[in-house]
$ cat data.txt   # compact mmCIF, C-alpha atoms
# COMPACT_ATOMS: atom_id res chain seq x y z
CA MET A 1 0.00 0.00 0.00
CA THR A 2 1.02 3.60 -0.51
CA PRO A 3 1.64 5.82 2.52
CA ALA A 4 -1.76 7.44 1.94
CA ASP A 5 -3.44 4.02 1.80
CA THR A 6 -1.77 3.03 5.05
CA LEU A 7 -2.98 6.19 6.76
CA ARG A 8 -6.52 5.68 5.47
CA ALA A 9 -6.49 2.17 6.96
CA MET A 10 -5.25 3.53 10.30
CA LEU A 11 -8.00 6.13 10.39
CA ALA A 12 -10.61 3.43 9.77
CA ARG A 13 -9.68 1.59 12.98
CA ASP A 14 -11.57 2.21 16.19
CA GLU A 15 -8.60 3.51 18.17
CA LEU A 16 -6.67 6.71 18.84
CA ILE A 17 -3.43 7.17 16.92
CA THR A 18 -0.67 8.52 19.17
CA MET A 19 1.60 10.54 16.89
CA PRO A 20 4.97 11.83 18.12
CA CYS A 21 6.21 14.54 15.79
CA CYS A 22 9.62 14.47 14.13
CA PHE A 23 11.88 17.21 12.83
CA ASP A 24 14.48 15.32 10.77
CA ALA A 25 15.26 11.87 9.42
CA LEU A 26 16.88 10.63 12.63
CA SER A 27 14.02 11.65 14.91
CA ALA A 28 11.58 10.00 12.49
CA LYS A 29 13.64 6.78 12.56
CA LEU A 30 13.56 6.73 16.35
CA ILE A 31 9.79 7.15 16.32
CA GLU A 32 9.42 4.19 13.97
CA GLN A 33 11.91 2.09 15.96
CA GLU A 34 9.85 2.61 19.12
CA GLY A 35 6.77 1.17 17.43
CA PHE A 36 4.72 4.23 16.54
CA GLY A 37 2.80 3.88 13.30
CA LEU A 38 2.54 7.52 12.25
CA THR A 39 4.56 10.72 12.53
CA PHE A 40 4.13 14.38 11.63
CA MET A 41 6.86 16.73 10.49
CA SER A 42 6.39 19.47 13.10
CA GLY A 43 6.88 22.91 11.56
CA PHE A 44 7.96 24.33 14.93
CA SER A 45 10.59 21.67 15.51
CA THR A 46 11.73 21.52 11.89
CA ALA A 47 12.36 25.27 11.77
CA ALA A 48 14.39 24.98 14.98
CA ALA A 49 16.40 22.00 13.74
CA ARG A 50 17.01 23.06 10.14
CA ILE A 51 17.54 26.82 10.34
CA GLY A 52 17.81 27.44 14.09
CA ALA A 53 14.90 29.87 13.97
CA PRO A 54 11.37 30.13 15.36
CA ASP A 55 8.30 28.85 13.52
CA LEU A 56 7.25 32.21 12.08
CA GLY A 57 7.08 31.41 8.37
CA LEU A 58 10.81 31.79 7.77
CA MET A 59 11.38 28.49 5.95
CA SER A 60 10.68 28.42 2.23
CA TYR A 61 8.60 25.84 0.38
CA GLY A 62 11.77 24.30 -1.05
CA GLU A 63 13.42 23.95 2.37
CA VAL A 64 10.34 22.34 3.90
CA LEU A 65 9.87 19.98 0.96
CA ASP A 66 13.53 18.93 1.10
CA GLN A 67 13.19 18.14 4.81
CA ALA A 68 9.99 16.17 4.15
CA ARG A 69 11.75 14.14 1.45
CA ASN A 70 14.64 13.31 3.78
CA ILE A 71 12.18 12.13 6.42
CA THR A 72 10.04 9.96 4.16
CA ASP A 73 13.17 8.38 2.68
CA ALA A 74 14.31 7.33 6.16
CA VAL A 75 11.17 5.54 7.38
CA SER A 76 8.45 3.16 6.23
CA ILE A 77 5.64 4.56 8.40
CA PRO A 78 3.32 7.26 7.03
CA VAL A 79 4.46 10.88 7.44
CA ILE A 80 2.19 13.93 7.58
CA GLY A 81 3.85 17.03 6.14
CA ASP A 82 3.30 20.58 7.34
CA GLY A 83 2.26 22.63 4.31
CA ASP A 84 1.62 25.78 6.36
CA THR A 85 -0.56 28.20 4.35
CA GLY A 86 0.28 26.57 1.02
CA TYR A 87 2.96 29.18 0.16
CA GLY A 88 0.77 31.50 -1.84
CA ASN A 89 -2.64 31.58 -3.48
CA ALA A 90 -4.85 28.63 -4.40
CA MET A 91 -2.65 27.67 -7.34
CA ASN A 92 0.38 27.61 -5.05
CA VAL A 93 -1.58 25.36 -2.69
CA LYS A 94 -2.18 22.89 -5.51
CA ARG A 95 1.55 22.84 -6.34
CA THR A 96 2.41 22.40 -2.68
CA VAL A 97 0.06 19.43 -2.31
CA ARG A 98 1.45 17.77 -5.44
CA GLY A 99 5.00 18.36 -4.22
CA PHE A 100 4.38 16.79 -0.81
CA ALA A 101 2.67 13.81 -2.46
CA LYS A 102 5.68 13.27 -4.75
CA ALA A 103 7.94 13.54 -1.70
CA GLY A 104 6.14 10.53 -0.21
CA CYS A 105 3.98 12.18 2.44
CA ALA A 106 0.77 10.39 3.39
CA ALA A 107 -1.01 13.66 4.22
CA ILE A 108 -0.41 17.39 4.16
CA MET A 109 -1.68 20.02 6.56
CA ILE A 110 -3.00 23.26 5.06
CA GLU A 111 -4.10 26.07 7.39
CA ASP A 112 -6.00 29.34 7.30
CA GLN A 113 -3.47 31.69 8.93
CA VAL A 114 -2.27 34.88 7.31
CA ALA A 115 1.16 34.38 5.74
CA PRO A 116 3.76 34.39 7.12
CA LYS A 117 2.16 32.06 9.66
CA ARG A 118 2.99 31.69 13.35
CA CYS A 119 3.17 28.78 15.74
CA GLY A 120 -0.36 27.97 16.88
CA HIS A 121 0.41 28.57 20.56
CA THR A 122 2.23 31.90 20.23
CA LYS A 123 1.02 35.50 20.01
CA GLY A 124 0.21 37.46 16.89
CA LYS A 125 -1.84 34.87 15.00
CA GLU A 126 -4.28 36.08 12.38
CA VAL A 127 -6.42 34.15 9.91
CA VAL A 128 -7.49 35.00 6.39
CA GLY A 129 -11.12 35.57 5.47
CA ARG A 130 -13.48 32.68 4.93
CA ASP A 131 -13.37 32.82 1.14
CA GLU A 132 -9.59 32.56 1.01
CA ALA A 133 -9.53 29.88 3.69
CA PHE A 134 -12.06 27.79 1.80
CA ASP A 135 -10.24 28.29 -1.50
CA ARG A 136 -7.04 26.90 0.05
CA ILE A 137 -8.79 23.69 1.08
CA ARG A 138 -10.76 23.54 -2.17
CA ALA A 139 -7.49 23.74 -4.12
CA ALA A 140 -5.83 21.13 -1.92
CA VAL A 141 -8.74 18.74 -2.45
CA ASP A 142 -8.68 19.43 -6.19
CA ALA A 143 -4.99 18.50 -6.31
CA ARG A 144 -5.71 15.30 -4.40
CA ASP A 145 -8.66 14.39 -6.61
CA ALA A 146 -6.62 15.09 -9.74
CA GLY A 147 -4.20 12.32 -8.82
CA ALA A 148 -2.02 13.37 -5.90
CA ASP A 149 -1.99 10.32 -3.62
CA ILE A 150 -2.25 12.20 -0.35
CA LEU A 151 -4.78 13.05 2.37
CA ILE A 152 -5.74 16.61 3.28
CA LEU A 153 -5.46 17.70 6.91
CA ALA A 154 -7.36 21.01 7.14
CA ARG A 155 -6.44 23.31 10.03
CA THR A 156 -8.08 26.45 11.35
CA ASP A 157 -6.59 28.90 13.84
CA ALA A 158 -9.77 30.99 14.01
CA ARG A 159 -10.36 30.11 17.69
CA HIS A 160 -7.72 32.65 18.74
CA GLU A 161 -9.11 35.63 16.85
CA TYR A 162 -12.83 34.95 16.41
CA GLY A 163 -13.79 32.31 18.96
CA LEU A 164 -14.69 28.64 18.94
CA SER A 165 -17.93 28.96 16.97
CA GLU A 166 -16.15 30.50 13.98
CA ALA A 167 -13.43 27.85 14.13
CA ILE A 168 -16.02 25.07 14.13
CA ASP A 169 -17.92 26.67 11.24
CA ARG A 170 -14.73 26.85 9.20
CA ALA A 171 -13.76 23.28 9.97
CA ALA A 172 -17.26 22.06 9.06
CA LYS A 173 -16.92 23.76 5.67
CA PHE A 174 -13.48 22.17 5.24
CA ALA A 175 -15.12 18.78 5.72
CA GLU A 176 -17.85 19.69 3.23
CA LEU A 177 -15.16 20.60 0.70
CA GLY A 178 -13.58 17.16 1.09
CA ALA A 179 -10.86 17.42 3.73
CA ASP A 180 -9.92 14.03 5.19
CA ILE A 181 -8.87 15.16 8.69
CA LEU A 182 -9.93 18.24 10.66
CA PHE A 183 -7.80 20.21 13.09
CA VAL A 184 -9.13 23.07 15.22
CA GLU A 185 -6.01 24.54 16.79
CA ALA A 186 -5.67 25.62 20.43
CA PRO A 187 -8.96 24.88 22.22
CA LYS A 188 -8.56 26.17 25.74
CA SER A 189 -10.56 23.67 27.83
CA VAL A 190 -11.82 20.10 27.94
CA ASP A 191 -15.31 21.42 27.24
CA GLU A 192 -14.09 23.13 24.09
CA MET A 193 -12.33 19.94 22.98
CA ARG A 194 -15.53 17.97 23.52
CA THR A 195 -17.59 20.57 21.65
CA ILE A 196 -15.25 20.31 18.66
CA CYS A 197 -15.57 16.54 18.47
CA ASP A 198 -19.35 16.58 18.95
CA ALA A 199 -19.87 19.25 16.28
CA LEU A 200 -17.58 18.03 13.51
CA PRO A 201 -17.68 14.91 11.33
CA GLY A 202 -14.93 12.47 10.50
CA ALA A 203 -11.40 12.26 11.88
CA LYS A 204 -10.25 15.03 14.23
CA MET A 205 -6.73 15.76 15.45
CA ALA A 206 -5.73 17.09 18.86
CA ASN A 207 -2.47 19.01 19.21
CA ILE A 208 -0.90 18.38 22.62
CA LEU A 209 1.83 20.88 23.29
CA GLU A 210 3.30 20.59 26.77
CA GLY A 211 2.85 24.00 28.38
CA GLY A 212 0.54 25.20 25.61
CA GLU A 213 -3.07 26.36 25.69
CA THR A 214 -4.75 22.99 25.09
CA PRO A 215 -5.22 20.65 28.09
CA ASP A 216 -2.65 17.84 28.13
CA LEU A 217 -5.07 14.93 28.38
CA SER A 218 -4.13 11.26 28.34
CA PRO A 219 -4.59 9.25 25.12
CA ALA A 220 -7.52 7.41 26.74
CA GLU A 221 -9.24 10.70 27.55
CA LEU A 222 -8.65 12.06 24.04
CA GLN A 223 -10.15 8.93 22.50
CA GLU A 224 -13.18 9.10 24.81
CA ILE A 225 -13.80 12.71 23.76
CA GLY A 226 -13.72 11.70 20.10
CA PHE A 227 -10.31 12.52 18.67
CA LYS A 228 -8.69 10.15 16.15
CA ILE A 229 -5.11 11.51 16.24
CA ALA A 230 -3.11 12.94 19.13
CA ALA A 231 -0.11 14.93 17.90
CA TYR A 232 2.84 15.77 20.14
CA PRO A 233 4.76 18.45 18.20
CA LEU A 234 7.40 19.43 20.75
CA SER A 235 7.99 16.38 22.95
CA LEU A 236 11.06 15.11 21.09
CA MET A 237 12.50 18.54 20.31
CA ALA A 238 12.12 19.71 23.91
CA ALA A 239 13.64 16.49 25.24
CA ALA A 240 16.54 16.64 22.78
CA MET A 241 17.29 20.31 23.53
CA LYS A 242 17.26 19.72 27.29
CA ALA A 243 19.57 16.72 26.95
CA MET A 244 21.99 18.66 24.74
CA VAL A 245 22.08 21.70 27.03
CA ASP A 246 22.57 19.50 30.12
CA THR A 247 25.38 17.59 28.41
CA LEU A 248 27.08 20.79 27.25
CA GLN A 249 26.97 22.19 30.77
CA LEU A 250 28.55 19.01 32.14
CA LEU A 251 31.22 19.12 29.44
CA LYS A 252 31.95 22.78 30.16
CA ALA A 253 32.31 22.00 33.87
CA GLY A 254 34.58 19.04 33.19
CA SER A 255 32.07 16.69 34.85
CA PRO A 256 31.27 13.08 33.90
CA ARG A 257 28.46 12.84 31.35
CA ASP A 258 28.13 9.09 30.78
CA GLN A 259 24.65 9.08 32.34
CA MET A 260 23.48 11.47 29.61
CA LEU A 261 24.68 9.38 26.67
CA MET A 262 23.27 6.51 24.65
CA LYS A 263 25.74 3.62 24.65
CA TRP A 264 27.94 3.32 21.56
CA PRO A 265 26.58 -0.06 20.35
CA GLU A 266 22.96 1.12 20.55
CA LEU A 267 23.85 4.42 18.90
CA ARG A 268 25.39 2.58 15.93
CA GLN A 269 22.48 0.19 15.68
CA ARG A 270 19.76 2.87 15.75
CA ILE A 271 21.49 5.04 13.15
CA GLY A 272 21.83 2.04 10.85
CA PHE A 273 25.49 1.01 10.84
CA ASP A 274 24.74 -2.65 11.66
CA ALA A 275 22.13 -2.96 8.93
CA TYR A 276 24.45 -1.29 6.43
CA TYR A 277 27.32 -3.67 7.17
CA GLU A 278 25.02 -6.71 6.98
CA GLN A 279 23.65 -5.69 3.59
CA SER A 280 27.02 -4.70 2.19
CA GLU A 281 28.35 -8.24 2.71
CA ARG A 282 26.54 -9.18 -0.47
CA TYR A 283 28.90 -7.00 -2.50
CA ALA A 284 32.59 -7.86 -2.45
CA SER A 285 33.66 -4.35 -3.46
CA SER A 286 31.82 -2.84 -0.47
CA ARG A 287 33.26 -5.06 2.28
CA ARG A 288 35.43 -3.56 4.97
CA ASP A 289 36.94 -6.23 7.20
CA LYS A 290 38.96 -3.87 9.40
$ encode --input "data.txt" --output "structure tokens"
Amino acid sequence: MTPADTLRAMLARDELITMPCCFDALSAKLIEQEGFGLTFMSGFSTAAARIGAPDLGLMSYGEVLDQARNITDAVSIPVIGDGDTGYGNAMNVKRTVRGFAKAGCAAIMIEDQVAPKRCGHTKGKEVVGRDEAFDRIRAAVDARDAGADILILARTDARHEYGLSEAIDRAAKFAELGADILFVEAPKSVDEMRTICDALPGAKMANILEGGETPDLSPAELQEIGFKIAAYPLSLMAAAMKAMVDTLQLLKAGSPRDQMLMKWPELRQRIGFDAYYEQSERYASSRRDK
């Protein structure tokens, strides 16, 4: 099956999909190695990892697509790509969707923020008018229906600026236009999360950002409310940054740091050295005995 087919099958099951978010090929590999069946290329974490900058629309379409391609090449599980606002008007959205499909993504997220967009849990967010928001999703669906083998994850950030009712109305229209997954960003309470799931059809995604505006509920609670996917966009990035800073501080102080480090054999194995050497034995010219 294609990545999109695999994701469709996952969405058809009666269970919540816990989705740690990646930011590069290595983090995606670790997610797959730990048995998770789906990952999302977090725009926040990818901007931090690739260009060392905040998620404020600074990465170009080409940079994001290149990162998505590196990630999908590294894993066999489905990957959802972050298409932001589509990088322009409706015609740009169609090109973006086709590009992410060719890169091997199972789905692409398209949102209704004003470009350049901002992280969903930071200040200064604004959304475009309804007509433009709907045209973005209409164009994304058109690209999918014209042959791009990819699902459309439609996101609205209208809760911040116009309230929950407007966000739900937009998401309902996204579903009517043909979006496969709906995402109302940054509900502020359990009641709001429940209202979203009760009001909207189909698969819904919750975005669980530790320290963010949305309640950090357990997977069991999210499933009971009615969500299909629980995304964790910053868990790995925050953990990696803390570990790196702690290790650097130990190194600067001349202190032992063994407790911070993955053991050398496991490090080699997880990166892929062992698999590489095993496969290369088939080819005499590739062998290295010493």
$ residues_near_point --input "data.txt" --point "(1.9, 27.9, -1.6)" --cutoff "10 Å" --atoms "all atoms listed in the file" --output "PyMOL selection string"
chain A and resi 60-61+83-97+110+115+136
$ closest_atom_pairs --input "data.txt" --of "range 142-194 of chain A" --to "range 1-18 of chain A" --cutoff "7 Å" --atoms "only C-alpha atoms" --output "Markdown table"
| residue | atom | partner | partner_atom | distance |
| --- | --- | --- | --- | --- |
| A:Asp149 | CA | A:Ala4 | CA | 6.3 |
| A:Ile150 | CA | A:Ala4 | CA | 5.3 |
| A:Leu151 | CA | A:Ala4 | CA | 6.4 |
$ closest_residue --input "data.txt" --among "A:Ala231, A:Ile152, A:Ala284, A:Val114" --to "Gly57 in chain A" --atoms "only C-alpha atoms"
A:Val114
$ closest_residue --input "data.txt" --among "A:Gly37, A:Gly99, A:Pro54, A:Pro233" --to "Lys117 in chain A" --atoms "only C-alpha atoms"
A:Pro54
$ atom_distance --input "data.txt" --atom1 "CA of Ala240 in chain A" --atom2 "CA of Ser45 in chain A"
10.7 Å
$ atom_distance --input "data.txt" --atom1 "CA of Lys228 in chain A" --atom2 "CA of Gly178 in chain A"
17.3 Å
$ atom_distance --input "data.txt" --atom1 "CA of Phe36 in chain A" --atom2 "CA of Gly52 in chain A"
26.8 Å
$ build_atoms --input "data.txt" --residues "range 97-108 of chain A" --atoms "all heavy atoms" --output "PDB file, in the frame of the given file"
ATOM      1  N   VAL A  97       0.634  20.758  -2.568  1.00  0.00           N
ATOM      2  CA  VAL A  97       0.060  19.430  -2.310  1.00  0.00           C
ATOM      3  C   VAL A  97       0.691  18.392  -3.229  1.00  0.00           C
ATOM      4  O   VAL A  97       1.071  17.301  -2.788  1.00  0.00           O
ATOM      5  CB  VAL A  97      -1.471  19.467  -2.483  1.00  0.00           C
ATOM      6  CG1 VAL A  97      -2.055  18.056  -2.440  1.00  0.00           C
ATOM      7  CG2 VAL A  97      -2.101  20.335  -1.398  1.00  0.00           C
ATOM      8  N   ARG A  98       0.821  18.718  -4.513  1.00  0.00           N
ATOM      9  CA  ARG A  98       1.450  17.770  -5.440  1.00  0.00           C
ATOM     10  C   ARG A  98       2.892  17.490  -5.045  1.00  0.00           C
ATOM     11  O   ARG A  98       3.359  16.346  -5.110  1.00  0.00           O
ATOM     12  CB  ARG A  98       1.387  18.316  -6.874  1.00  0.00           C
ATOM     13  CG  ARG A  98      -0.008  18.372  -7.467  1.00  0.00           C
ATOM     14  CD  ARG A  98       0.034  18.616  -8.975  1.00  0.00           C
ATOM     15  NE  ARG A  98       0.647  19.890  -9.313  1.00  0.00           N
ATOM     16  CZ  ARG A  98      -0.031  21.015  -9.532  1.00  0.00           C
ATOM     17  NH1 ARG A  98      -1.358  21.017  -9.446  1.00  0.00           N
ATOM     18  NH2 ARG A  98       0.596  22.133  -9.853  1.00  0.00           N
ATOM     19  N   GLY A  99       3.602  18.537  -4.611  1.00  0.00           N
ATOM     20  CA  GLY A  99       5.000  18.360  -4.220  1.00  0.00           C
ATOM     21  C   GLY A  99       5.146  17.457  -3.003  1.00  0.00           C
ATOM     22  O   GLY A  99       6.028  16.584  -2.974  1.00  0.00           O
ATOM     23  N   PHE A 100       4.300  17.633  -2.008  1.00  0.00           N
ATOM     24  CA  PHE A 100       4.380  16.790  -0.810  1.00  0.00           C
ATOM     25  C   PHE A 100       3.992  15.349  -1.146  1.00  0.00           C
ATOM     26  O   PHE A 100       4.561  14.414  -0.576  1.00  0.00           O
ATOM     27  CB  PHE A 100       3.478  17.356   0.285  1.00  0.00           C
ATOM     28  CG  PHE A 100       4.140  18.410   1.128  1.00  0.00           C
ATOM     29  CD1 PHE A 100       4.451  19.660   0.611  1.00  0.00           C
ATOM     30  CD2 PHE A 100       4.458  18.160   2.452  1.00  0.00           C
ATOM     31  CE1 PHE A 100       5.062  20.637   1.381  1.00  0.00           C
ATOM     32  CE2 PHE A 100       5.070  19.131   3.239  1.00  0.00           C
ATOM     33  CZ  PHE A 100       5.373  20.367   2.696  1.00  0.00           C
ATOM     34  N   ALA A 101       3.032  15.170  -2.051  1.00  0.00           N
ATOM     35  CA  ALA A 101       2.670  13.810  -2.460  1.00  0.00           C
ATOM     36  C   ALA A 101       3.847  13.132  -3.159  1.00  0.00           C
ATOM     37  O   ALA A 101       4.162  11.969  -2.878  1.00  0.00           O
ATOM     38  CB  ALA A 101       1.448  13.847  -3.381  1.00  0.00           C
ATOM     39  N   LYS A 102       4.520  13.833  -4.060  1.00  0.00           N
ATOM     40  CA  LYS A 102       5.680  13.270  -4.750  1.00  0.00           C
ATOM     41  C   LYS A 102       6.825  12.989  -3.788  1.00  0.00           C
ATOM     42  O   LYS A 102       7.626  12.069  -4.024  1.00  0.00           O
ATOM     43  CB  LYS A 102       6.139  14.220  -5.859  1.00  0.00           C
ATOM     44  CG  LYS A 102       5.187  14.296  -7.043  1.00  0.00           C
ATOM     45  CD  LYS A 102       5.685  15.287  -8.085  1.00  0.00           C
ATOM     46  CE  LYS A 102       4.726  15.375  -9.257  1.00  0.00           C
ATOM     47  NZ  LYS A 102       5.177  16.377 -10.275  1.00  0.00           N
ATOM     48  N   ALA A 103       6.897  13.760  -2.707  1.00  0.00           N
ATOM     49  CA  ALA A 103       7.940  13.540  -1.700  1.00  0.00           C
ATOM     50  C   ALA A 103       7.645  12.334  -0.817  1.00  0.00           C
ATOM     51  O   ALA A 103       8.484  11.944  -0.007  1.00  0.00           O
ATOM     52  CB  ALA A 103       8.096  14.780  -0.838  1.00  0.00           C
ATOM     53  N   GLY A 104       6.464  11.747  -0.951  1.00  0.00           N
ATOM     54  CA  GLY A 104       6.140  10.530  -0.210  1.00  0.00           C
ATOM     55  C   GLY A 104       5.321  10.733   1.048  1.00  0.00           C
ATOM     56  O   GLY A 104       5.152   9.790   1.833  1.00  0.00           O
ATOM     57  N   CYS A 105       4.798  11.939   1.252  1.00  0.00           N
ATOM     58  CA  CYS A 105       3.980  12.180   2.440  1.00  0.00           C
ATOM     59  C   CYS A 105       2.605  11.524   2.290  1.00  0.00           C
ATOM     60  O   CYS A 105       2.019  11.522   1.211  1.00  0.00           O
ATOM     61  CB  CYS A 105       3.799  13.677   2.670  1.00  0.00           C
ATOM     62  SG  CYS A 105       5.305  14.512   3.224  1.00  0.00           S
ATOM     63  N   ALA A 106       2.098  11.013   3.393  1.00  0.00           N
ATOM     64  CA  ALA A 106       0.770  10.390   3.390  1.00  0.00           C
ATOM     65  C   ALA A 106      -0.334  11.431   3.468  1.00  0.00           C
ATOM     66  O   ALA A 106      -1.457  11.194   3.007  1.00  0.00           O
ATOM     67  CB  ALA A 106       0.657   9.420   4.563  1.00  0.00           C
ATOM     68  N   ALA A 107      -0.040  12.573   4.081  1.00  0.00           N
ATOM     69  CA  ALA A 107      -1.010  13.660   4.220  1.00  0.00           C
ATOM     70  C   ALA A 107      -0.254  14.974   4.288  1.00  0.00           C
ATOM     71  O   ALA A 107       0.948  14.996   4.557  1.00  0.00           O
ATOM     72  CB  ALA A 107      -1.872  13.476   5.460  1.00  0.00           C
ATOM     73  N   ILE A 108      -0.985  16.050   4.045  1.00  0.00           N
ATOM     74  CA  ILE A 108      -0.410  17.390   4.160  1.00  0.00           C
ATOM     75  C   ILE A 108      -1.377  18.273   4.921  1.00  0.00           C
ATOM     76  O   ILE A 108      -2.595  18.203   4.708  1.00  0.00           O
ATOM     77  CB  ILE A 108      -0.107  17.997   2.766  1.00  0.00           C
ATOM     78  CG1 ILE A 108       0.489  19.413   2.911  1.00  0.00           C
ATOM     79  CG2 ILE A 108      -1.352  18.016   1.890  1.00  0.00           C
ATOM     80  CD1 ILE A 108       0.972  20.004   1.610  1.00  0.00           C
TER      81      ILE A 108
END
